[in-house]
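One file, work_21.txt, is given below (compact mmCIF, C-alpha atoms and all ligand atoms).
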# COMPACT_ATOMS: atom_id res chain seq x y z
CA MET A 303 127.01 44.75 214.47
CA ALA A 304 129.67 45.88 211.97
CA GLU A 305 132.86 47.59 213.08
CA SER A 306 132.71 51.30 212.42
CA GLY A 307 134.47 52.81 209.36
CA PRO A 308 134.68 56.47 208.28
CA LEU A 309 131.42 56.55 206.31
CA LEU A 310 129.09 54.59 208.59
CA GLY A 311 125.88 56.59 209.06
CA HIS A 312 126.84 59.17 206.41
CA THR A 313 124.55 60.12 203.56
CA LEU A 314 126.14 60.28 200.08
CA ASP A 315 124.78 61.47 196.74
CA LEU A 316 125.84 58.83 194.23
CA THR A 317 125.59 57.92 190.56
CA ILE A 318 124.81 54.23 190.35
CA GLY A 319 126.82 51.85 188.17
CA PRO A 320 126.33 48.18 187.24
CA PRO A 321 124.69 45.47 189.36
CA ALA A 322 126.88 43.44 191.72
CA HIS A 323 126.34 39.80 192.67
CA GLY A 324 124.06 39.84 195.73
CA GLY A 325 121.32 42.35 194.91
CA SER A 326 123.05 45.71 195.03
CA CYS A 327 124.58 48.04 192.44
CA VAL A 328 128.06 49.52 192.56
CA ALA A 329 128.80 53.23 192.92
CA ARG A 330 132.13 54.96 193.56
CA HIS A 331 132.88 57.46 196.31
CA GLU A 332 136.35 58.95 196.80
CA GLY A 333 138.00 55.92 195.20
CA ARG A 334 136.01 53.36 197.18
CA ALA A 335 133.27 51.03 195.95
CA VAL A 336 129.87 51.48 197.56
CA PHE A 337 127.45 48.55 197.21
CA VAL A 338 124.04 50.24 197.16
CA ARG A 339 120.77 48.36 197.62
CA HIS A 340 117.30 49.46 196.46
CA THR A 341 118.62 51.18 193.37
CA LEU A 342 119.26 50.56 189.65
CA PRO A 343 122.08 51.28 187.19
CA GLY A 344 122.07 54.87 185.95
CA GLU A 345 120.10 56.29 188.89
CA ARG A 346 121.14 59.24 191.02
CA VAL A 347 120.38 58.47 194.65
CA ARG A 348 120.93 59.68 198.17
CA ALA A 349 122.34 56.68 200.02
CA LEU A 350 122.78 55.99 203.73
CA VAL A 351 125.94 54.02 204.52
CA THR A 352 124.79 51.04 206.59
CA GLU A 353 128.05 49.12 206.97
CA ASP A 354 131.64 50.35 206.69
CA ARG A 355 134.60 48.42 207.99
CA GLY A 356 137.05 50.91 206.52
CA GLY A 357 138.31 48.76 203.61
CA ALA A 358 138.05 49.19 199.86
CA PHE A 359 134.25 49.06 199.95
CA CYS A 360 131.21 49.76 202.08
CA PHE A 361 127.47 49.07 201.93
CA ALA A 362 124.59 51.55 201.63
CA ASP A 363 120.84 51.77 201.12
CA ALA A 364 119.33 54.19 198.60
CA VAL A 365 116.99 56.20 200.83
CA GLU A 366 116.02 58.86 198.27
CA ILE A 367 115.86 58.53 194.49
CA LEU A 368 117.07 61.77 192.89
CA ALA A 369 116.80 60.56 189.28
CA ALA A 370 114.93 57.30 188.71
CA SER A 371 115.57 54.60 186.11
CA LEU A 372 112.77 53.84 183.64
CA ASP A 373 112.90 50.26 184.99
CA ARG A 374 111.86 51.36 188.49
CA VAL A 375 108.39 50.32 189.72
CA VAL A 376 106.60 50.67 193.06
CA ALA A 377 107.51 47.66 195.23
CA PRO A 378 104.37 45.53 195.65
CA CYS A 379 105.31 44.54 199.20
CA ARG A 380 105.05 47.12 201.97
CA PHE A 381 107.82 45.35 203.91
CA ALA A 382 110.39 45.77 201.10
CA GLY A 383 112.75 48.73 201.12
CA PRO A 384 115.67 50.32 202.99
CA GLY A 385 116.01 49.02 206.54
CA ALA A 386 113.04 46.67 206.10
CA CYS A 387 112.71 42.96 205.25
CA GLY A 388 115.87 41.57 203.62
CA GLY A 389 114.19 38.69 201.77
CA CYS A 390 113.89 40.49 198.42
CA ASP A 391 116.45 42.52 196.49
CA TRP A 392 114.67 43.65 193.32
CA GLN A 393 111.05 44.44 194.33
CA HIS A 394 111.51 47.96 192.93
CA VAL A 395 112.44 46.64 189.47
CA ALA A 396 110.19 45.59 186.55
CA GLY A 397 110.35 41.84 185.83
CA ALA A 398 112.16 42.02 182.47
CA ALA A 399 114.72 44.39 183.98
CA GLN A 400 115.26 42.02 186.96
CA ARG A 401 116.14 39.28 184.48
CA ALA A 402 118.44 41.62 182.54
CA LEU A 403 120.25 42.53 185.79
CA LYS A 404 120.72 38.84 186.60
CA ALA A 405 122.05 38.14 183.09
CA THR A 406 124.60 40.95 183.56
CA VAL A 407 125.65 39.43 186.90
CA VAL A 408 126.05 35.92 185.43
CA ARG A 409 128.15 37.23 182.52
CA ASP A 410 130.21 39.33 184.93
CA GLN A 411 130.92 36.35 187.24
CA PHE A 412 132.21 34.35 184.28
CA THR A 413 134.41 37.24 183.15
CA ARG A 414 135.87 37.78 186.63
CA LEU A 415 136.16 34.23 187.92
CA ALA A 416 136.52 32.06 184.79
CA HIS A 417 138.03 34.66 182.42
CA LEU A 418 135.37 33.64 179.90
CA ASP A 419 133.18 35.86 177.74
CA VAL A 420 129.84 34.00 177.78
CA THR A 421 127.91 36.63 175.80
CA GLY A 422 127.55 34.25 172.86
CA LEU A 423 126.36 31.34 175.04
CA LEU A 424 123.97 33.09 177.43
CA ALA A 425 121.00 34.51 175.56
CA GLY A 426 119.47 35.97 178.73
CA VAL A 427 117.76 34.85 181.91
CA GLU A 428 114.65 32.82 181.12
CA GLU A 429 111.35 33.47 182.86
CA LEU A 430 109.49 30.68 184.66
CA PRO A 431 105.68 30.51 184.52
CA GLY A 432 103.67 32.07 187.35
CA GLY A 433 104.86 35.67 187.61
CA LEU A 434 106.90 37.53 190.18
CA LEU A 435 104.80 36.83 193.29
CA GLY A 436 103.19 33.84 195.02
CA TRP A 437 105.85 31.31 193.97
CA ARG A 438 107.63 30.29 197.17
CA THR A 439 106.45 26.84 198.28
CA ARG A 440 108.63 27.07 201.39
CA ASN A 441 109.27 29.96 203.79
CA ILE A 442 111.25 29.90 207.00
CA TYR A 443 109.97 32.64 209.27
CA ALA A 444 112.42 33.71 211.96
CA VAL A 445 111.12 33.93 215.53
CA ASP A 446 112.22 36.58 218.04
CA ARG A 447 112.75 36.19 221.80
CA THR A 448 109.07 36.94 222.50
CA GLY A 449 107.96 34.19 220.08
CA ALA A 450 106.77 36.57 217.35
CA PRO A 451 107.54 35.39 213.76
CA GLY A 452 108.81 37.53 210.89
CA LEU A 453 111.60 37.84 208.35
CA ARG A 454 115.16 39.07 208.86
CA ARG A 455 116.48 42.45 207.81
CA HIS A 456 119.29 42.35 205.25
CA ARG A 457 122.62 41.23 206.82
CA SER A 458 121.06 41.37 210.27
CA HIS A 459 119.67 39.17 213.03
CA GLU A 460 116.88 41.69 213.59
CA ILE A 461 113.41 40.47 212.68
CA VAL A 462 110.81 42.48 210.80
CA HIS A 463 107.34 41.35 211.81
CA VAL A 464 105.25 40.69 208.73
CA ASP A 465 101.64 39.58 208.42
CA ALA A 466 102.30 38.06 204.99
CA CYS A 467 105.08 37.45 202.47
CA LEU A 468 103.96 38.22 198.92
CA LEU A 469 106.54 35.81 197.47
CA GLY A 470 104.89 32.90 199.28
CA ALA A 471 102.42 30.59 197.58
CA GLU A 472 98.91 30.29 199.02
CA HIS A 473 99.08 29.11 202.68
CA VAL A 474 102.86 29.73 202.73
CA GLY A 475 103.04 33.50 202.19
CA ASP A 476 99.81 34.02 204.15
CA ALA A 477 100.57 31.22 206.62
CA ALA A 478 98.30 30.98 209.65
CA ALA A 479 101.54 30.53 211.66
CA LEU A 480 102.29 34.24 211.19
CA ALA A 481 99.40 35.12 213.49
CA ASP A 482 100.64 32.82 216.28
CA SER A 483 103.36 33.09 218.89
CA TRP A 484 106.21 30.54 218.94
CA PRO A 485 108.13 31.02 222.20
CA GLY A 486 111.31 28.95 222.44
CA LEU A 487 111.62 28.44 218.68
CA THR A 488 114.24 30.04 216.42
CA GLY A 489 112.05 29.68 213.37
CA VAL A 490 108.82 28.32 212.01
CA GLU A 491 108.89 26.81 208.53
CA VAL A 492 105.92 26.38 206.24
CA ALA A 493 106.18 24.11 203.20
CA ARG A 494 103.83 22.68 200.62
CA GLY A 495 104.04 20.43 197.60
CA ASP A 496 101.88 20.63 194.49
CA GLY A 497 98.74 20.32 196.64
CA VAL A 498 97.44 23.06 198.96
CA GLU A 499 98.10 21.21 202.22
CA VAL A 500 100.99 22.67 204.21
CA THR A 501 103.42 21.20 206.69
CA LEU A 502 104.57 23.24 209.66
CA LEU A 503 108.07 22.62 210.96
CA ALA A 504 109.54 23.95 214.19
CA HIS A 505 113.17 25.11 214.29
CA ARG A 506 114.68 24.74 217.74
CA PRO A 507 118.19 25.68 218.85
CA GLY A 508 120.46 22.76 218.01
CA PRO A 509 122.88 21.15 220.44
CA GLY A 510 126.48 22.32 220.54
CA ARG A 511 128.40 25.50 221.23
CA GLN A 512 128.10 28.77 219.35
CA ALA A 513 131.11 29.13 217.03
CA ARG A 514 132.36 32.50 215.71
CA GLY A 515 128.99 34.19 216.20
CA ARG A 516 127.20 31.34 214.42
CA ARG A 517 124.53 29.20 216.03
CA PRO A 518 124.77 25.45 215.64
CA PRO A 519 122.25 24.17 213.06
CA ASP A 520 118.64 24.08 214.26
CA ARG A 521 116.82 20.89 215.12
CA VAL A 522 113.85 20.76 212.77
CA ASP A 523 110.68 18.71 213.44
CA VAL A 524 107.29 18.49 211.80
CA VAL A 525 104.67 19.86 214.21
CA ALA A 526 101.61 19.78 211.93
CA GLY A 527 100.64 18.56 208.49
CA PRO A 528 101.95 15.72 206.33
CA GLN A 529 105.43 14.25 206.90
CA THR A 530 105.96 14.08 203.13
CA LEU A 531 104.94 16.40 200.30
CA ALA A 532 104.03 15.38 196.75
CA HIS A 533 105.65 16.97 193.68
CA ARG A 534 105.17 16.08 190.02
CA VAL A 535 108.03 16.35 187.52
CA LEU A 536 107.87 15.16 183.91
CA ASP A 537 104.78 13.05 184.67
CA ARG A 538 106.37 11.31 187.63
CA GLU A 539 105.19 11.69 191.24
CA PHE A 540 107.77 12.30 193.99
CA GLU A 541 107.13 11.96 197.72
CA VAL A 542 109.65 14.06 199.61
CA ALA A 543 110.23 14.53 203.34
CA ALA A 544 108.59 17.85 204.24
CA GLY A 545 111.84 19.19 205.70
CA GLY A 546 114.01 17.88 202.84
CA PHE A 547 115.38 19.67 199.82
CA TRP A 548 113.10 20.42 196.90
CA GLN A 549 113.26 23.34 194.49
CA VAL A 550 111.21 26.16 195.99
CA HIS A 551 109.65 27.50 192.80
CA PRO A 552 106.88 25.09 191.72
CA ALA A 553 108.06 25.11 188.07
CA ALA A 554 111.77 24.90 188.83
CA ALA A 555 112.43 21.16 189.12
CA GLU A 556 110.78 20.40 185.78
CA THR A 557 112.39 23.39 184.07
CA PHE A 558 115.88 22.34 185.22
CA ALA A 559 115.26 18.68 184.36
CA ARG A 560 114.23 19.63 180.80
CA ALA A 561 117.15 22.04 180.42
CA LEU A 562 119.56 19.39 181.67
CA LEU A 563 118.23 16.76 179.24
CA ASP A 564 118.55 19.27 176.37
CA THR A 565 122.07 20.14 177.46
CA VAL A 566 123.63 16.71 178.08
CA ALA A 567 121.30 14.66 175.79
CA PRO A 568 121.77 11.26 177.50
CA ARG A 569 121.45 8.39 175.02
CA PRO A 570 119.85 4.97 175.53
CA GLY A 571 122.38 2.56 177.02
CA GLU A 572 124.63 5.24 178.53
CA THR A 573 126.00 5.31 182.08
CA VAL A 574 125.25 8.47 184.04
CA ILE A 575 126.45 9.59 187.47
CA ASP A 576 124.08 12.07 189.19
CA LEU A 577 125.83 13.84 192.07
CA TYR A 578 124.12 15.75 194.90
CA ALA A 579 121.00 13.94 193.73
CA GLY A 580 118.54 14.82 196.52
CA ALA A 581 115.21 12.99 196.30
CA GLY A 582 115.82 12.07 192.67
CA ALA A 583 114.14 14.75 190.53
CA LEU A 584 116.99 14.86 188.00
CA THR A 585 117.92 11.19 188.46
CA ALA A 586 114.51 10.08 187.18
CA ALA A 587 114.75 12.32 184.12
CA LEU A 588 118.21 10.96 183.33
CA ALA A 589 116.99 7.37 183.85
CA GLY A 590 114.16 7.94 181.39
CA ALA A 591 116.62 9.11 178.76
CA VAL A 592 119.15 6.26 179.09
CA THR A 593 116.28 3.71 179.29
CA ALA A 594 116.52 0.26 180.88
CA THR A 595 119.59 -0.53 178.75
CA GLY A 596 121.48 2.21 180.58
CA HIS A 597 122.67 2.74 184.15
CA VAL A 598 122.29 5.73 186.48
CA ILE A 599 124.08 6.04 189.81
CA SER A 600 122.90 8.77 192.16
CA LEU A 601 125.02 9.94 195.07
CA GLU A 602 123.58 11.99 197.92
CA SER A 603 124.66 12.45 201.54
CA HIS A 604 121.43 13.29 203.35
CA PRO A 605 119.84 10.10 204.75
CA ALA A 606 116.23 11.30 204.39
CA ALA A 607 116.82 12.37 200.78
CA VAL A 608 118.43 9.01 200.02
CA ALA A 609 115.42 7.21 201.52
CA ASP A 610 113.09 9.40 199.43
CA ALA A 611 115.09 8.69 196.27
CA GLN A 612 115.08 4.94 196.94
CA ARG A 613 111.30 5.00 197.30
CA ASN A 614 110.68 7.38 194.40
CA LEU A 615 112.89 5.48 191.96
CA ALA A 616 112.12 1.91 193.06
CA ASP A 617 110.39 1.15 189.75
CA LEU A 618 113.59 1.98 187.80
CA PRO A 619 115.91 -0.97 188.48
CA TRP A 620 118.70 0.51 186.32
CA VAL A 621 118.98 3.33 188.88
CA GLU A 622 121.36 2.72 191.79
CA VAL A 623 120.80 5.13 194.69
CA GLN A 624 123.91 5.46 196.84
CA ARG A 625 124.35 7.31 200.10
CA GLY A 626 127.62 9.16 200.60
CA ARG A 627 129.44 12.44 200.38
CA VAL A 628 130.61 13.60 196.97
CA GLU A 629 134.37 13.41 197.37
CA PRO A 630 137.18 12.41 194.99
CA ALA A 631 137.60 8.96 196.59
CA ALA A 632 133.85 8.31 196.50
CA ILE A 633 133.68 9.15 192.80
CA GLU A 634 136.52 6.78 192.01
CA ALA A 635 134.96 4.10 194.22
CA LEU A 636 131.81 4.09 192.07
CA GLY A 637 133.92 1.99 189.72
CA VAL A 638 132.17 2.88 186.46
CA ARG A 639 133.23 4.73 183.31
CA PRO A 640 130.46 7.32 183.02
CA ASP A 641 129.37 8.73 179.67
CA VAL A 642 127.66 11.62 181.43
CA ILE A 643 128.19 13.21 184.84
CA VAL A 644 125.57 15.54 186.31
CA LEU A 645 126.11 17.63 189.41
CA ASP A 646 123.74 19.92 191.31
CA PRO A 647 125.76 20.99 194.36
CA PRO A 648 124.79 23.37 197.17
CA ARG A 649 125.68 27.09 196.91
CA ALA A 650 129.41 26.61 197.54
CA GLY A 651 129.74 24.58 194.35
CA ALA A 652 131.72 21.35 193.98
CA GLY A 653 135.17 22.82 194.53
CA ARG A 654 138.48 22.13 192.84
CA ALA A 655 139.20 18.64 194.25
CA VAL A 656 135.79 17.23 193.28
CA LEU A 657 135.84 18.94 189.87
CA GLU A 658 139.29 17.53 189.10
CA ALA A 659 138.09 14.06 190.10
CA LEU A 660 135.14 14.42 187.71
CA LEU A 661 137.35 15.60 184.85
CA ALA A 662 139.60 12.59 185.44
CA GLN A 663 136.60 10.33 184.67
CA ARG A 664 136.60 11.74 181.11
CA PRO A 665 132.82 11.57 180.48
CA ARG A 666 131.69 12.84 177.08
CA VAL A 667 129.84 15.66 178.85
CA ILE A 668 129.36 17.12 182.34
CA GLY A 669 126.01 18.79 183.09
CA TYR A 670 126.09 21.31 185.91
CA VAL A 671 123.00 22.74 187.66
CA ALA A 672 124.08 25.68 189.81
CA CYS A 673 122.30 27.99 192.22
CA ASP A 674 125.26 30.37 192.51
CA PRO A 675 126.84 31.67 189.29
CA ALA A 676 130.03 32.61 191.16
CA ALA A 677 130.58 29.05 192.39
CA LEU A 678 129.72 27.75 188.92
CA ALA A 679 132.22 30.10 187.29
CA ARG A 680 134.96 29.03 189.73
CA ASP A 681 134.29 25.35 189.00
CA VAL A 682 134.17 26.03 185.25
CA ALA A 683 137.58 27.73 185.57
CA THR A 684 138.97 24.50 187.05
CA ALA A 685 137.71 22.64 183.97
CA THR A 686 138.83 25.14 181.35
CA ALA A 687 142.31 25.18 182.94
CA GLN A 688 142.50 21.53 181.82
CA GLY A 689 141.34 22.30 178.30
CA TRP A 690 137.63 21.52 178.83
CA ARG A 691 135.13 23.78 177.03
CA LEU A 692 131.99 25.42 178.37
CA THR A 693 129.58 24.38 175.59
CA ALA A 694 126.20 25.55 176.92
CA LEU A 695 124.98 28.01 179.52
CA ARG A 696 121.35 28.82 180.31
CA ALA A 697 120.03 30.82 183.24
CA PHE A 698 116.57 30.80 184.82
CA ASP A 699 114.69 33.25 187.00
CA ALA A 700 113.60 30.63 189.54
CA PHE A 701 113.72 33.21 192.36
CA PRO A 702 111.91 36.36 191.14
CA MET A 703 112.34 39.58 193.20
CA THR A 704 115.56 38.22 194.73
CA HIS A 705 119.09 38.34 193.33
CA HIS A 706 119.21 34.54 193.05
CA VAL A 707 119.49 32.89 189.64
CA GLU A 708 119.88 29.26 188.59
CA CYS A 709 122.18 28.17 185.77
CA VAL A 710 122.39 24.97 183.72
CA ALA A 711 125.71 24.50 181.97
CA SER A 712 127.65 21.83 180.13
CA LEU A 713 131.35 21.11 179.86
CA GLU A 714 132.98 18.97 177.21
CA PRO A 715 136.47 17.49 177.25
CA PRO A 716 139.35 18.49 174.99
CA ALA A 717 139.41 16.48 171.76
C1 LIG A 801 120.81 21.79 195.30
S1 LIG A 801 120.33 20.28 196.05
C2 LIG A 801 120.02 19.32 194.61
C3 LIG A 801 119.09 18.17 194.78
C4 LIG A 801 118.57 17.47 193.54
N1 LIG A 801 119.55 17.37 192.48
C5 LIG A 801 117.30 18.11 193.02
O1 LIG A 801 117.27 18.56 191.85
O2 LIG A 801 116.29 18.16 193.76
C6 LIG A 801 121.87 19.70 196.67
C7 LIG A 801 121.83 18.35 197.34
O3 LIG A 801 123.18 18.01 197.67
C8 LIG A 801 123.19 17.34 198.92
N2 LIG A 801 124.57 17.49 199.42
C9 LIG A 801 125.16 18.57 199.97
N3 LIG A 801 126.46 18.35 200.19
C10 LIG A 801 126.72 17.09 199.74
C11 LIG A 801 127.89 16.28 199.67
N4 LIG A 801 129.08 16.74 200.08
N5 LIG A 801 127.78 15.06 199.16
C12 LIG A 801 126.60 14.57 198.72
N6 LIG A 801 125.45 15.28 198.76
C13 LIG A 801 125.51 16.54 199.24
C14 LIG A 801 122.10 18.01 199.72
O4 LIG A 801 121.63 17.14 200.76
C15 LIG A 801 121.05 18.27 198.63
O5 LIG A 801 120.15 17.20 198.54

So, in terms of structure tokens, how does the structure I just supplied come out?
Ligand SMILES: C[S@@+](CC[C@H](N)C(=O)[O-])C[C@H]1O[C@@H](n2cnc3c(N)ncnc32)[C@H](O)[C@@H]1O
Amino acid sequence: MAESGPLLGHTLDLTIGPPAHGGSCVARHEGRAVFVRHTLPGERVRALVTEDRGGAFCFADAVEILAASLDRVVAPCRFAGPGACGGCDWQHVAGAAQRALKATVVRDQFTRLAHLDVTGLLAGVEELPGGLLGWRTRNIYAVDRTGAPGLRRHRSHEIVHVDACLLGAEHVGDAAALADSWPGLTGVEVARGDGVEVTLLAHRPGPGRQARGRRPPDRVDVVAGPQTLAHRVLDREFEVAAGGFWQVHPAAAETFARALLDTVAPRPGETVIDLYAGAGALTAALAGAVTATGHVISLESHPAAVADAQRNLADLPWVEVQRGRVEPAAIEALGVRPDVIVLDPPRAGAGRAVLEALLAQRPRVIGYVACDPAALARDVATATAQGWRLTALRAFDAFPMTHHVECVASLEPPA
């Protein structure tokens, strides 16, 4: 539980300002910032302060809407709202307005963290096919001490028991597992590929000591259903370990692969390095573009993902799948002069040391697929500090109803 500050538990009447990164909007109260969830810019709301540590800001939930935005809609899910399930941030917002909020956040992150005005580059956040609901092909339901599954409240370990998640695809959002009890588990995960068959994975407490309030990572095992799931991207079939990484929105992998190809335009005969390559979704697209006269090296640290990539790309002998962590020494050790470098790192981004090692390779273009615009903007700042230019930036609503947004960007070296 949060330490107590002066406003914790107070109710404030606030005028709501712009969206913040993370699914809230910013209001001001007596010189402090209040990050308010369940609201929209321009609204007047009564907000309950849910977390206040006494610093320059605190957190609140809009519990009464005094003057509503025209973009407000009735949340389709009965578990969304103040104090309820924390999985969604923008259920109360019309789809086009959700995308406009995300575009504002992306532009704002670049202004703050990269000191770049990207208004001319970023046309808006692009919609993926399929609508706002029923898109999640993977859900991890948390399990409480009694074994009952549900979803966590926002910034809390408390579990809200749900009988369905409207974001989930068929058999994921309405998973049979939600009606069962799972004593001894920390979570129950349901995943599917392009087919309707689902895999059920048990999350059990991992070995090791609890550090700074954090549990060690769960042990995750398949308990029912196929060990691998099939996904199709750009007319190629991928078999991926059911517990391994794959984009959660069914249209995401292909959308990002196409956007990446448009952005970095690999040419036949070129050498490409694909970093954080997972099971090979982007690697295959890049390999198709450089053709058999080219060379693609993928680097990925997770052993199961590397095994999947080796199997999935075995018919492309100009692809070299390597297992290892993306680190400056590892990049140098690849021993090639890449024309194109692609990276698709986890939320934290690549970081300064890796970025600088990539810039030192002097490819003609770097393509960056990013699930956190803040991390992307920080990494772009490392590049622009060395004279590189951000030459393309697109953003996609691959996570409707949530604050998450995916970006595809390119960087080109100084002349
Ligand atoms: C966002 S996923 C991208 C996967 C892939 N590009 C795709 O489109 O499906 C990030 C990947 O980076 C891998 N990863 C995380 N940290 C890494 C590191 N330090 N070195 C290499 N791979 C890493 C993860 O295992 C995961 O497969």

At a cut-off of 9 Å around ligand LIG 801 (chain A), and using all atoms listed in the file, what residues come up? Please write them as JSON, numbers by chain. {"A": [546, 547, 548, 549, 554, 555, 558, 559, 576, 577, 578, 579, 580, 581, 582, 583, 584, 585, 601, 602, 603, 604, 605, 606, 607, 608, 625, 626, 627, 628, 629, 644, 645, 646, 647, 648, 649, 652, 671, 672, 673]}

What does the distance between CA of Leu415 (chain A) and CA of Asp564 (chain A) come to in Å, to one decimal place? 25.8 Å

Using all atoms listed in the file, list the residues that have an atom at most 7 Å from (102.6, 23.7, 207.9), coordinates as in the file, as a PyMOL selection string. chain A and resi 492-493+500-503+526-527

Interatomic distance between CA of Ala694 (chain A) and CA of Leu423 (chain A)?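 Answer for the CA of Ala694 (chain A) to CA of Leu423 (chain A) separation: 6.1 Å.
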
Proximity to His323 (chain A) - best of A:Gly489, A:Phe412, A:Leu615, A:Ser458, all atoms listed in the file: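 Looking only at the distances to His323 (chain A), the closest residue turns out to be A:Phe412.
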
To one decimal in Å, tell me the separation between CA of Ala358 (chain A) and CA of Val336 (chain A).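 CA of Val336 (chain A) lies at a distance of 8.8 Å from CA of Ala358 (chain A).
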
Show me, as a tab-separated table (two decimals) with C-alpha atoms, keeping the file's coordinate frame, the residues that have an atom within 10 Å of Phe381 (chain A) when counting all atoms listed in the file, minus same-chain residues fewer than 3 positions from it.
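As a result, result14.tsv now contains:
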chain	number	residue	atom	x	y	z
A	377	ALA	CA	107.51	47.66	195.23
A	378	PRO	CA	104.37	45.53	195.65
A	384	PRO	CA	115.67	50.32	202.99
A	385	GLY	CA	116.01	49.02	206.54
A	386	ALA	CA	113.04	46.67	206.10
A	387	CYS	CA	112.71	42.96	205.25
A	388	GLY	CA	115.87	41.57	203.62
A	389	GLY	CA	114.19	38.69	201.77
A	390	CYS	CA	113.89	40.49	198.42
A	453	LEU	CA	111.60	37.84	208.35
A	455	ARG	CA	116.48	42.45	207.81
A	462	VAL	CA	110.81	42.48	210.80
A	463	HIS	CA	107.34	41.35	211.81
A	464	VAL	CA	105.25	40.69	208.73
A	465	ASP	CA	101.64	39.58	208.42
A	466	ALA	CA	102.30	38.06	204.99
A	467	CYS	CA	105.08	37.45	202.47
A	468	LEU	CA	103.96	38.22	198.92

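Minimum atom-to-atom distances from A:Arg409, A:Arg696, A:Arg639, A:Arg521 to Leu661 (chain A) were compared using only C-alpha atoms, and the lowest value belongs to A:Arg639.
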
Pick from A:Gly324, A:Pro518, A:Pro715, A:Gly422, whichever lies nearest to Arg457 (chain A) using all atoms listed in the file: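 Comparing A:Gly324, A:Pro518, A:Pro715, A:Gly422 against Arg457 (chain A), the winner is A:Gly324.
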
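For the residues A:Thr684, A:Gln663, A:Ser712, A:Gln411, ranking by smallest atom-to-atom distance to Val566 (chain A) using all atoms listed in the file places A:Ser712 first.
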
Would you please work out which residue, of A:Leu660, A:Leu713, A:Ala553, A:Leu562, is nearest to Pro431 (chain A) when using only C-alpha atoms?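 Smallest distance to Pro431 (chain A) is found for A:Ala553.
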
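The residue that comes closest to Pro702 (chain A), out of A:Leu588, A:Val656, A:Ala687, A:Val550 and on the basis of all atoms listed in the file, is A:Val550.
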
Give me the residues near His505 (chain A) as a PyMOL selection string, where near means some atom within 9 Å (using all atoms listed in the file) and where sequence neighbours in that chain fewer than 2 positions away do not count. chain A and resi 442+444+487-491+503+507-508+520-523

Contacts of Trp484 (chain A) within 9 Å, only C-alpha atoms, excl. fewer than 2 positions in-chain, as an MDAnalysis selection string: chainID A and resid 445:446 448:451 479 482 486:490 504
